[in-house]
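Structure data follow from structure37.txt (compact mmCIF, C-alpha atoms and all ligand atoms):
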# COMPACT_ATOMS: atom_id res chain seq x y z
CA MET A 558 -31.76 41.42 44.51
CA PRO A 559 -31.34 37.67 45.24
CA HIS A 560 -31.51 35.45 42.23
CA ASN A 561 -34.70 33.35 42.13
CA LEU A 562 -33.53 29.78 41.74
CA PHE A 563 -36.99 28.29 41.70
CA PRO A 564 -39.35 28.76 38.76
CA SER A 565 -42.82 29.82 39.78
CA VAL A 566 -45.59 27.25 40.07
CA ALA A 567 -47.26 28.86 37.07
CA LEU A 568 -44.17 28.11 35.00
CA LEU A 569 -44.06 24.50 36.13
CA ALA A 570 -47.71 23.78 35.43
CA VAL A 571 -47.47 24.44 31.72
CA TRP A 572 -49.68 21.70 30.33
CA PRO A 573 -52.47 19.55 31.74
CA ALA A 574 -51.46 16.04 32.79
CA ILE A 575 -52.46 13.34 30.31
CA THR A 576 -55.00 11.05 31.90
CA ALA A 577 -54.53 7.31 31.40
CA SER A 578 -57.80 7.12 29.45
CA ALA A 579 -56.51 9.60 26.84
CA VAL A 580 -53.62 7.30 26.02
CA GLU A 581 -54.37 4.84 23.23
CA PRO A 582 -52.90 1.40 23.98
CA ALA A 583 -49.78 0.59 21.94
CA VAL A 584 -50.14 -1.82 19.02
CA PRO A 585 -48.00 -4.92 19.74
CA ASN A 586 -45.78 -6.96 17.38
CA VAL A 587 -45.15 -4.24 14.80
CA VAL A 588 -42.04 -4.31 12.59
CA LEU A 589 -42.78 -1.38 10.26
CA ALA A 590 -45.03 1.67 10.49
CA ILE A 591 -45.50 4.64 8.18
CA HIS A 592 -47.36 7.93 8.08
CA GLY A 593 -48.51 9.96 5.12
CA GLY A 594 -48.94 13.13 7.10
CA ILE A 595 -51.75 14.96 8.82
CA ALA A 596 -55.03 14.08 7.14
CA ALA A 597 -57.08 16.60 5.20
CA LYS A 598 -60.13 17.87 7.08
CA ARG A 599 -62.75 15.14 6.78
CA LYS A 600 -65.26 17.48 5.18
CA GLU A 601 -62.71 18.30 2.46
CA SER A 602 -61.92 14.64 1.83
CA ASN A 603 -63.84 12.19 -0.35
CA ALA A 604 -64.24 8.44 -0.72
CA GLU A 605 -62.25 8.23 -3.94
CA LEU A 606 -59.25 10.10 -2.51
CA GLU A 607 -59.35 8.01 0.65
CA LYS A 608 -59.38 4.80 -1.39
CA THR A 609 -56.30 5.94 -3.32
CA LEU A 610 -54.49 7.00 -0.16
CA ARG A 611 -55.18 3.63 1.45
CA ALA A 612 -53.87 1.80 -1.61
CA GLU A 613 -50.69 3.92 -1.71
CA LEU A 614 -50.03 3.44 2.01
CA GLN A 615 -50.62 -0.29 1.64
CA ARG A 616 -48.14 -0.47 -1.26
CA ALA A 617 -45.51 1.41 0.76
CA LEU A 618 -45.97 -0.93 3.73
CA GLU A 619 -45.77 -4.05 1.57
CA THR A 620 -42.63 -2.77 -0.16
CA GLY A 621 -40.95 -1.95 3.15
CA TYR A 622 -41.96 -5.28 4.64
CA ARG A 623 -40.47 -7.16 1.67
CA GLU A 624 -37.14 -5.48 2.48
CA LEU A 625 -37.38 -6.73 6.04
CA GLN A 626 -37.83 -10.30 4.79
CA LYS A 627 -34.51 -10.33 2.96
CA PRO A 628 -31.54 -12.01 4.64
CA GLN A 629 -29.45 -9.47 6.59
CA ALA A 630 -32.25 -6.93 6.12
CA SER A 631 -31.82 -3.67 7.96
CA GLY A 632 -34.54 -1.41 9.27
CA LEU A 633 -32.93 1.36 7.22
CA ASP A 634 -33.68 -0.53 4.00
CA ALA A 635 -37.32 -0.91 4.98
CA VAL A 636 -37.63 2.75 5.96
CA GLU A 637 -36.01 3.97 2.75
CA ALA A 638 -38.02 1.63 0.51
CA ALA A 639 -41.36 2.58 2.08
CA ILE A 640 -40.60 6.31 1.92
CA ARG A 641 -39.48 6.09 -1.72
CA ILE A 642 -42.91 4.74 -2.68
CA LEU A 643 -44.60 7.69 -0.97
CA GLU A 644 -42.12 10.18 -2.47
CA ASP A 645 -42.89 8.85 -5.95
CA SER A 646 -46.63 9.06 -5.35
CA PRO A 647 -48.26 12.40 -6.23
CA TYR A 648 -50.69 12.03 -3.33
CA PHE A 649 -48.31 12.95 -0.52
CA ASN A 650 -46.36 16.06 0.33
CA ALA A 651 -42.92 14.58 -0.36
CA GLY A 652 -40.98 14.07 -3.58
CA LYS A 653 -43.47 14.28 -6.45
CA GLY A 654 -46.55 15.90 -4.98
CA ALA A 655 -44.62 18.30 -2.75
CA VAL A 656 -46.32 21.58 -1.87
CA PHE A 657 -45.18 24.92 -3.30
CA THR A 658 -43.23 27.67 -1.61
CA HIS A 659 -44.47 31.25 -1.62
CA GLU A 660 -42.36 31.73 -4.76
CA GLY A 661 -44.03 28.80 -6.50
CA ARG A 662 -41.13 26.35 -6.21
CA ASN A 663 -40.73 22.94 -4.58
CA GLU A 664 -38.07 22.69 -1.87
CA LEU A 665 -37.66 19.29 -0.28
CA ASP A 666 -36.27 18.09 3.07
CA ALA A 667 -35.55 14.57 4.39
CA SER A 668 -33.68 12.71 7.10
CA ILE A 669 -32.89 9.18 8.23
CA MET A 670 -31.39 7.70 11.39
CA GLU A 671 -30.49 4.31 12.85
CA GLY A 672 -30.71 3.50 16.54
CA HIS A 673 -27.67 1.26 17.05
CA HIS A 674 -24.75 3.63 16.44
CA LYS A 675 -27.05 6.66 16.14
CA ARG A 676 -25.78 7.51 12.70
CA ALA A 677 -27.92 10.03 10.84
CA GLY A 678 -28.12 11.87 7.52
CA ALA A 679 -30.30 14.66 6.18
CA VAL A 680 -30.81 17.06 3.29
CA ALA A 681 -32.76 20.31 3.21
CA SER A 682 -33.99 22.79 0.60
CA VAL A 683 -33.18 20.52 -2.33
CA THR A 684 -34.90 20.99 -5.67
CA VAL A 685 -33.56 18.39 -8.12
CA ILE A 686 -33.04 15.16 -6.14
CA LYS A 687 -35.81 12.72 -7.12
CA ASN A 688 -35.73 10.83 -3.81
CA PRO A 689 -34.53 13.05 -0.95
CA ILE A 690 -34.65 10.09 1.47
CA ALA A 691 -31.98 8.32 -0.62
CA ALA A 692 -29.87 11.49 -0.45
CA ALA A 693 -30.30 11.64 3.33
CA ARG A 694 -29.09 8.04 3.54
CA ALA A 695 -26.13 8.81 1.28
CA VAL A 696 -25.17 11.73 3.54
CA MET A 697 -25.23 9.32 6.48
CA GLU A 698 -23.29 6.56 4.78
CA LYS A 699 -20.97 8.36 2.36
CA SER A 700 -20.10 11.67 4.00
CA LYS A 701 -18.70 12.67 7.36
CA HIS A 702 -21.59 15.09 7.90
CA VAL A 703 -25.18 14.83 9.09
CA LEU A 704 -26.98 17.63 7.23
CA LEU A 705 -26.30 19.06 3.77
CA VAL A 706 -28.45 21.82 2.29
CA GLY A 707 -29.30 23.30 -1.09
CA ARG A 708 -26.76 23.22 -3.86
CA GLY A 709 -24.15 21.41 -1.74
CA ALA A 710 -26.58 18.57 -1.09
CA GLU A 711 -27.48 18.42 -4.79
CA VAL A 712 -23.87 18.24 -5.95
CA PHE A 713 -23.20 15.58 -3.33
CA ALA A 714 -26.24 13.54 -4.44
CA THR A 715 -25.19 13.79 -8.08
CA LYS A 716 -21.71 12.53 -7.25
CA ALA A 717 -23.24 9.73 -5.15
CA GLY A 718 -25.02 8.56 -8.31
CA LEU A 719 -28.56 9.39 -7.20
CA GLU A 720 -31.29 10.19 -9.69
CA ILE A 721 -31.43 13.89 -10.57
CA VAL A 722 -34.52 15.42 -12.18
CA ASP A 723 -35.57 18.79 -13.54
CA PRO A 724 -37.38 20.84 -10.84
CA SER A 725 -40.53 20.64 -13.01
CA TYR A 726 -40.72 16.91 -12.15
CA PHE A 727 -42.17 17.90 -8.75
CA TRP A 728 -44.94 20.06 -10.23
CA THR A 729 -48.46 18.62 -9.87
CA GLN A 730 -51.75 20.18 -10.90
CA ARG A 731 -53.35 19.48 -7.52
CA ARG A 732 -50.66 21.34 -5.53
CA TRP A 733 -50.56 24.13 -8.08
CA ASP A 734 -54.32 24.65 -7.73
CA GLU A 735 -53.95 24.66 -3.93
CA ILE A 736 -51.25 27.33 -3.94
CA GLN A 737 -53.20 29.47 -6.43
CA GLU A 738 -56.10 29.38 -4.01
CA THR A 739 -53.83 30.32 -1.09
CA TRP A 740 -52.38 33.26 -3.03
CA ARG A 741 -55.86 34.38 -4.06
CA LYS A 742 -56.99 34.39 -0.41
CA GLU A 743 -53.80 36.16 0.63
CA ALA A 744 -54.33 38.87 -1.96
CA GLU A 745 -57.94 39.21 -0.89
CA ALA A 746 -56.90 39.51 2.77
CA THR A 747 -54.31 42.19 2.01
CA GLY A 748 -57.02 44.28 0.41
CA LYS A 749 -59.18 44.01 3.53
CA SER A 750 -58.81 45.75 6.84
CA SER A 751 -60.37 42.74 8.62
CA ALA A 752 -58.39 41.45 11.61
CA ALA A 753 -58.79 37.84 10.52
CA PRO A 754 -57.21 37.27 7.13
CA ALA A 755 -58.88 34.52 5.11
CA VAL A 756 -55.69 32.62 4.38
CA ALA A 757 -56.08 28.96 3.52
CA GLN A 758 -55.12 26.37 6.10
CA GLU A 759 -51.51 25.21 5.72
CA GLN A 760 -51.13 21.70 4.36
CA TRP A 761 -49.14 19.18 6.35
CA SER A 762 -48.74 15.80 4.82
CA THR A 763 -45.14 14.79 5.16
CA VAL A 764 -44.30 11.08 4.95
CA GLY A 765 -42.28 8.97 7.36
CA ALA A 766 -41.43 5.45 8.47
CA VAL A 767 -40.10 3.59 11.50
CA ALA A 768 -38.84 0.00 11.50
CA LEU A 769 -37.47 -2.73 13.74
CA ASP A 770 -35.28 -5.32 12.03
CA ALA A 771 -34.52 -8.93 12.99
CA ALA A 772 -31.25 -7.85 14.64
CA GLY A 773 -33.30 -5.66 16.99
CA ASN A 774 -32.19 -2.36 15.50
CA LEU A 775 -34.53 0.57 15.14
CA ALA A 776 -34.56 3.03 12.22
CA ALA A 777 -36.58 6.13 11.35
CA GLY A 778 -36.92 8.41 8.33
CA THR A 779 -39.00 11.40 7.23
CA SER A 780 -39.41 13.20 3.90
CA THR A 781 -41.37 16.33 3.01
CA GLY A 782 -42.08 19.24 0.75
CA GLY A 783 -42.45 21.24 3.96
CA MET A 784 -45.16 23.69 4.75
CA SER A 785 -47.29 25.00 1.91
CA ASN A 786 -46.61 28.65 0.97
CA LYS A 787 -43.44 28.64 3.10
CA MET A 788 -40.80 31.30 2.61
CA PHE A 789 -37.98 30.57 0.20
CA GLY A 790 -35.27 28.85 2.28
CA ARG A 791 -37.55 27.86 5.16
CA VAL A 792 -36.62 24.50 6.68
CA GLY A 793 -39.00 22.60 8.96
CA ASP A 794 -38.51 19.76 11.42
CA SER A 795 -38.39 16.86 8.98
CA PRO A 796 -34.63 17.05 8.26
CA ILE A 797 -33.78 18.04 11.84
CA ILE A 798 -32.56 15.08 13.90
CA GLY A 799 -34.31 15.18 17.27
CA ALA A 800 -37.23 17.25 15.96
CA GLY A 801 -38.89 15.36 13.08
CA THR A 802 -36.84 12.16 13.17
CA TYR A 803 -34.98 10.20 15.84
CA ALA A 804 -33.84 6.63 16.49
CA ASP A 805 -32.21 5.22 19.59
CA ASN A 806 -32.11 1.50 20.37
CA GLU A 807 -32.35 2.36 24.06
CA ALA A 808 -35.71 4.07 23.52
CA CYS A 809 -37.58 4.19 20.20
CA ALA A 810 -37.71 5.27 16.56
CA VAL A 811 -39.80 8.38 15.78
CA SER A 812 -41.06 10.13 12.64
CA ALA A 813 -43.23 13.23 12.89
CA THR A 814 -45.61 15.30 10.82
CA GLY A 815 -47.17 18.64 11.58
CA HIS A 816 -46.31 22.27 12.13
CA GLY A 817 -42.53 22.03 11.89
CA GLU A 818 -41.67 25.19 13.81
CA TYR A 819 -43.27 23.70 16.94
CA PHE A 820 -41.62 20.32 16.43
CA ILE A 821 -38.22 22.03 16.26
CA ARG A 822 -38.82 24.25 19.28
CA TYR A 823 -40.09 21.35 21.38
CA ALA A 824 -37.48 18.86 20.06
CA VAL A 825 -40.43 16.50 19.77
CA ALA A 826 -38.81 13.30 18.49
CA HIS A 827 -35.97 13.43 20.97
CA ASP A 828 -38.27 14.47 23.80
CA ILE A 829 -40.34 11.30 23.36
CA ALA A 830 -37.17 9.17 23.32
CA ALA A 831 -35.89 10.98 26.43
CA LEU A 832 -39.08 10.30 28.39
CA MET A 833 -38.72 6.61 27.58
CA LYS A 834 -35.02 6.44 28.27
CA TYR A 835 -34.70 8.57 31.40
CA LYS A 836 -38.16 8.18 32.93
CA GLN A 837 -38.76 4.60 31.76
CA MET A 838 -42.13 5.62 30.31
CA PRO A 839 -43.81 3.13 27.95
CA VAL A 840 -43.95 4.22 24.31
CA GLU A 841 -47.66 5.11 24.28
CA ALA A 842 -47.41 7.26 27.43
CA ALA A 843 -44.28 9.10 26.29
CA ALA A 844 -45.70 9.84 22.83
CA ALA A 845 -49.04 11.01 24.27
CA GLU A 846 -47.37 13.21 26.87
CA VAL A 847 -45.53 15.14 24.18
CA VAL A 848 -48.08 15.23 21.33
CA LEU A 849 -51.36 15.40 23.26
CA GLY A 850 -49.84 17.25 26.20
CA LYS A 851 -47.22 19.89 25.72
CA LEU A 852 -47.39 20.23 21.93
CA LYS A 853 -51.17 20.54 21.84
CA THR A 854 -51.18 23.03 24.69
CA ALA A 855 -48.59 25.12 22.88
CA GLY A 856 -50.76 25.13 19.73
CA GLY A 857 -48.53 22.83 17.70
CA GLU A 858 -50.66 20.68 15.41
CA GLY A 859 -49.33 17.30 14.36
CA GLY A 860 -48.65 13.68 15.10
CA VAL A 861 -45.96 11.04 15.35
CA ILE A 862 -45.36 7.35 14.80
CA VAL A 863 -43.18 5.81 17.51
CA LEU A 864 -41.90 2.23 17.65
CA ASP A 865 -40.00 0.67 20.54
CA ARG A 866 -37.60 -2.26 20.57
CA GLN A 867 -40.31 -4.68 21.62
CA GLY A 868 -42.27 -3.78 18.50
CA ARG A 869 -44.84 -1.69 20.39
CA LEU A 870 -46.23 1.14 18.28
CA ALA A 871 -47.85 4.43 19.35
CA MET A 872 -49.37 6.84 16.78
CA PRO A 873 -50.88 9.83 18.62
CA TYR A 874 -51.96 12.96 16.71
CA ASN A 875 -53.71 16.07 17.94
CA THR A 876 -55.57 16.78 14.68
CA GLU A 877 -58.65 15.25 13.05
CA GLY A 878 -56.66 12.47 11.43
CA MET A 879 -53.25 11.22 10.38
CA TYR A 880 -52.69 8.94 7.39
CA ARG A 881 -50.90 5.95 8.85
CA GLY A 882 -50.40 2.22 8.77
CA TYR A 883 -48.31 -0.63 10.06
CA VAL A 884 -47.23 -4.19 9.38
CA ALA A 885 -47.19 -6.85 12.09
CA ARG A 886 -44.41 -9.42 12.40
CA ASP A 887 -46.58 -11.94 10.50
CA GLY A 888 -47.01 -9.54 7.56
CA LYS A 889 -50.55 -8.38 8.31
CA VAL A 890 -51.04 -4.82 7.05
CA THR A 891 -53.31 -2.23 8.69
CA VAL A 892 -54.04 1.21 7.19
CA LEU A 893 -55.86 4.00 9.06
CA LEU A 894 -56.75 7.55 8.04
CA TYR A 895 -58.89 9.08 10.80
CA GLY A 896 -60.00 7.92 14.24
CA GLU A 897 -61.33 4.57 13.06
N1 LIG A 901 -43.46 18.93 9.39
C1 LIG A 901 -43.37 19.42 8.05
C2 LIG A 901 -42.74 20.78 8.05
O1 LIG A 901 -43.06 21.60 8.90
C3 LIG A 901 -44.67 19.54 7.38
C4 LIG A 901 -45.53 18.33 7.44
O2 LIG A 901 -45.46 17.52 8.35
O3 LIG A 901 -46.35 18.17 6.52
O4 LIG A 901 -41.94 21.06 7.18
Could you quickly redo this structure as structure tokens?
Amino acid sequence: MPHNLFPSVALLAVWPAITASAVEPAVPNVVLAIHGGIAAKRKESNAELEKTLRAELQRALETGYRELQKPQASGLDAVEAAIRILEDSPYFNAGKGAVFTHEGRNELDASIMEGHHKRAGAVASVTVIKNPIAAARAVMEKSKHVLLVGRGAEVFATKAGLEIVDPSYFWTQRRWDEIQETWRKEAEATGKSSAAPAVAQEQWSTVGAVALDAAGNLAAGTSTGGMSNKMFGRVGDSPIIGAGTYADNEACAVSATGHGEYFIRYAVAHDIAALMKYKQMPVEAAAAEVVLGKLKTAGGEGGVIVLDRQGRLAMPYNTEGMYRGYVARDGKVTVLLYGE
């Protein structure tokens, strides 16, 4: 039988084209942007929580921006500084405040990348490193590798002089209550013959940052506790270069949040950069094509922040909201949670 060299039309037409009106215009003159993950469903949110989230995002943006003001500042410094604030805050799923695994532990992942030489570093499944983003940077700068996992990453971070904590440091009442509820629903569902198990919605609220420094270099970083109730040893997209994080001076810097398995399979961060680099698509069109087009069609929930070398920022998400914010060149800070 002759080999069919041409995929069928059905295979080619896999997702609906994104119409120009669905593409949000890019925000100009941005030097730093962050996300605090996919927002909680609006009906489960409240004014007090939203006020706290806004204040925490604002603090992270101001801290990152201060780094960018220093002489010889690098985008990497701004990305790391902003992410550290969010890792230390109990309100985001990264560092303190990370979600629990199915076994009731906290396993953290992070990565960082710069767009000039395309150096990158990452850690996965770590349990005692206070700031996984600092460990990711140390892997990039002080080892000849890109990704270290588990115990190896922890020994490396200890030797690199990073702060080590007891695993209990990452425990928070709020996340513990959430996982108890998930387990309760799971147990309830197992006892039922119903086809639709009443398992709680997974929580996605990874943190990330993208920056453009005065030298014109892009940087990106992402840090997470991963997916709530994940299997022991599961690693998502956040520490995977090209999936959850990417930076290339010829295209853009990207940090993602959402259902990691989809972001890995669709190489989301790199795919956006590739559309810009090889198809000369503007940042907002490339980001929308991937997040609102193919990812959404595939059922992959999530969003990205993407910054290009001209300081144009796109922040598409295919969920109800995404905690996010940015700082303009003149220092003006904007924080957004839903579709405001
Ligand atoms: N992307 C992360 C993961 O799958 C989760 C998140 O964004 O909250 O590990």
If you count all atoms listed in the file, which residues end up within 7 Å of ligand LIG 901 (chain A), as a ChimeraX atom specification?
/A:594-595,650,760-763,781-784,792-795,801,813-818
Just checking: using all atoms listed in the file, which residue out of A:Gln629, A:Asn875, A:Ser785, A:Thr891 ends up closest to Arg732 in chain A?
A:Ser785
Kindly indicate which residue among A:Ile798, A:Ile821, A:Ala777, A:Ala810 lies nearest to Ala635 in chain A, using only C-alpha atoms for the distances.
A:Ala777
Just the number, please: distance in Å from CA of Ala667 in chain A to CA of Glu743 in chain A, one decimal.
28.5 Å
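Using only C-alpha atoms, the smallest distance between any of A:Ala776, A:Gly859, A:Gly896, A:Arg866 and Lys675 in chain A comes from A:Ala776.
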Nearest to Tyr823 in chain A by atom-to-atom distance, counting all atoms listed in the file, from A:Ile736, A:Leu864, A:Leu870, A:Ile797:
A:Ile797
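Residue nearest Gly707 in chain A within the list A:Gly652, A:Gly799, A:Gly790, A:Gly868: A:Gly790 [criterion: smallest interatomic distance, all atoms listed in the file].
Each of A:Ala830, A:Leu719, A:Val825, A:Val840 was compared to Arg869 in chain A using only C-alpha atoms, and A:Val840 turns out to be the nearest.
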Selection: 12 Å around Ala691 in chain A, only C-alpha atoms, excl. self and same-chain fewer than 5 positions, as a PyMOL selection string:
chain A and resi 633-634+636-642+644+652+666-669+678-680+686+696-699+710-711+713-715+717-721+778-780
At what distance in Å, to one decimal, does CA of Leu643 in chain A lie from CA of Ile690 in chain A?
10.5 Å
Close residues, Leu614 in chain A itself excluded, 9 Å, all atoms listed in the file, min 6 positions apart in chain, as a list in words:
Ile591, His592, Gly593, Ala639, Ile642, Leu643, Tyr880, Arg881, Gly882 and Val892 of chain A
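The interatomic distance for the pair CA of Leu832 in chain A and CA of Asn774 in chain A works out to 19.3 Å.
Residues surrounding Val580 in chain A within 8 Å are A:Ile575, A:Thr576, A:Ala577, A:Glu841, A:Ala842, A:Ala845 [all atoms listed in the file; sequence separation below 3 positions excluded].
Within 6 Å of the point (-32.9, 21.6, -1.6), and counting only C-alpha atoms, the protein, DNA and RNA residues are Glu664, Leu665, Ala681, Ser682, Val683, Thr684, Val706 and Gly707 of chain A.
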Residue contacts of His827 in chain A (8 Å, all atoms listed in the file) excluding same-chain residues fewer than 3 positions away, as a compact mmCIF listing (two decimals) with C-alpha atoms, in the frame of the given file:
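After the write, around_10.txt holds the following:
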# COMPACT_ATOMS: atom_id res chain seq x y z
CA GLY A 799 -34.31 15.18 17.27
CA ALA A 800 -37.23 17.25 15.96
CA THR A 802 -36.84 12.16 13.17
CA TYR A 803 -34.98 10.20 15.84
CA ALA A 824 -37.48 18.86 20.06
CA ALA A 830 -37.17 9.17 23.32
CA ALA A 831 -35.89 10.98 26.43
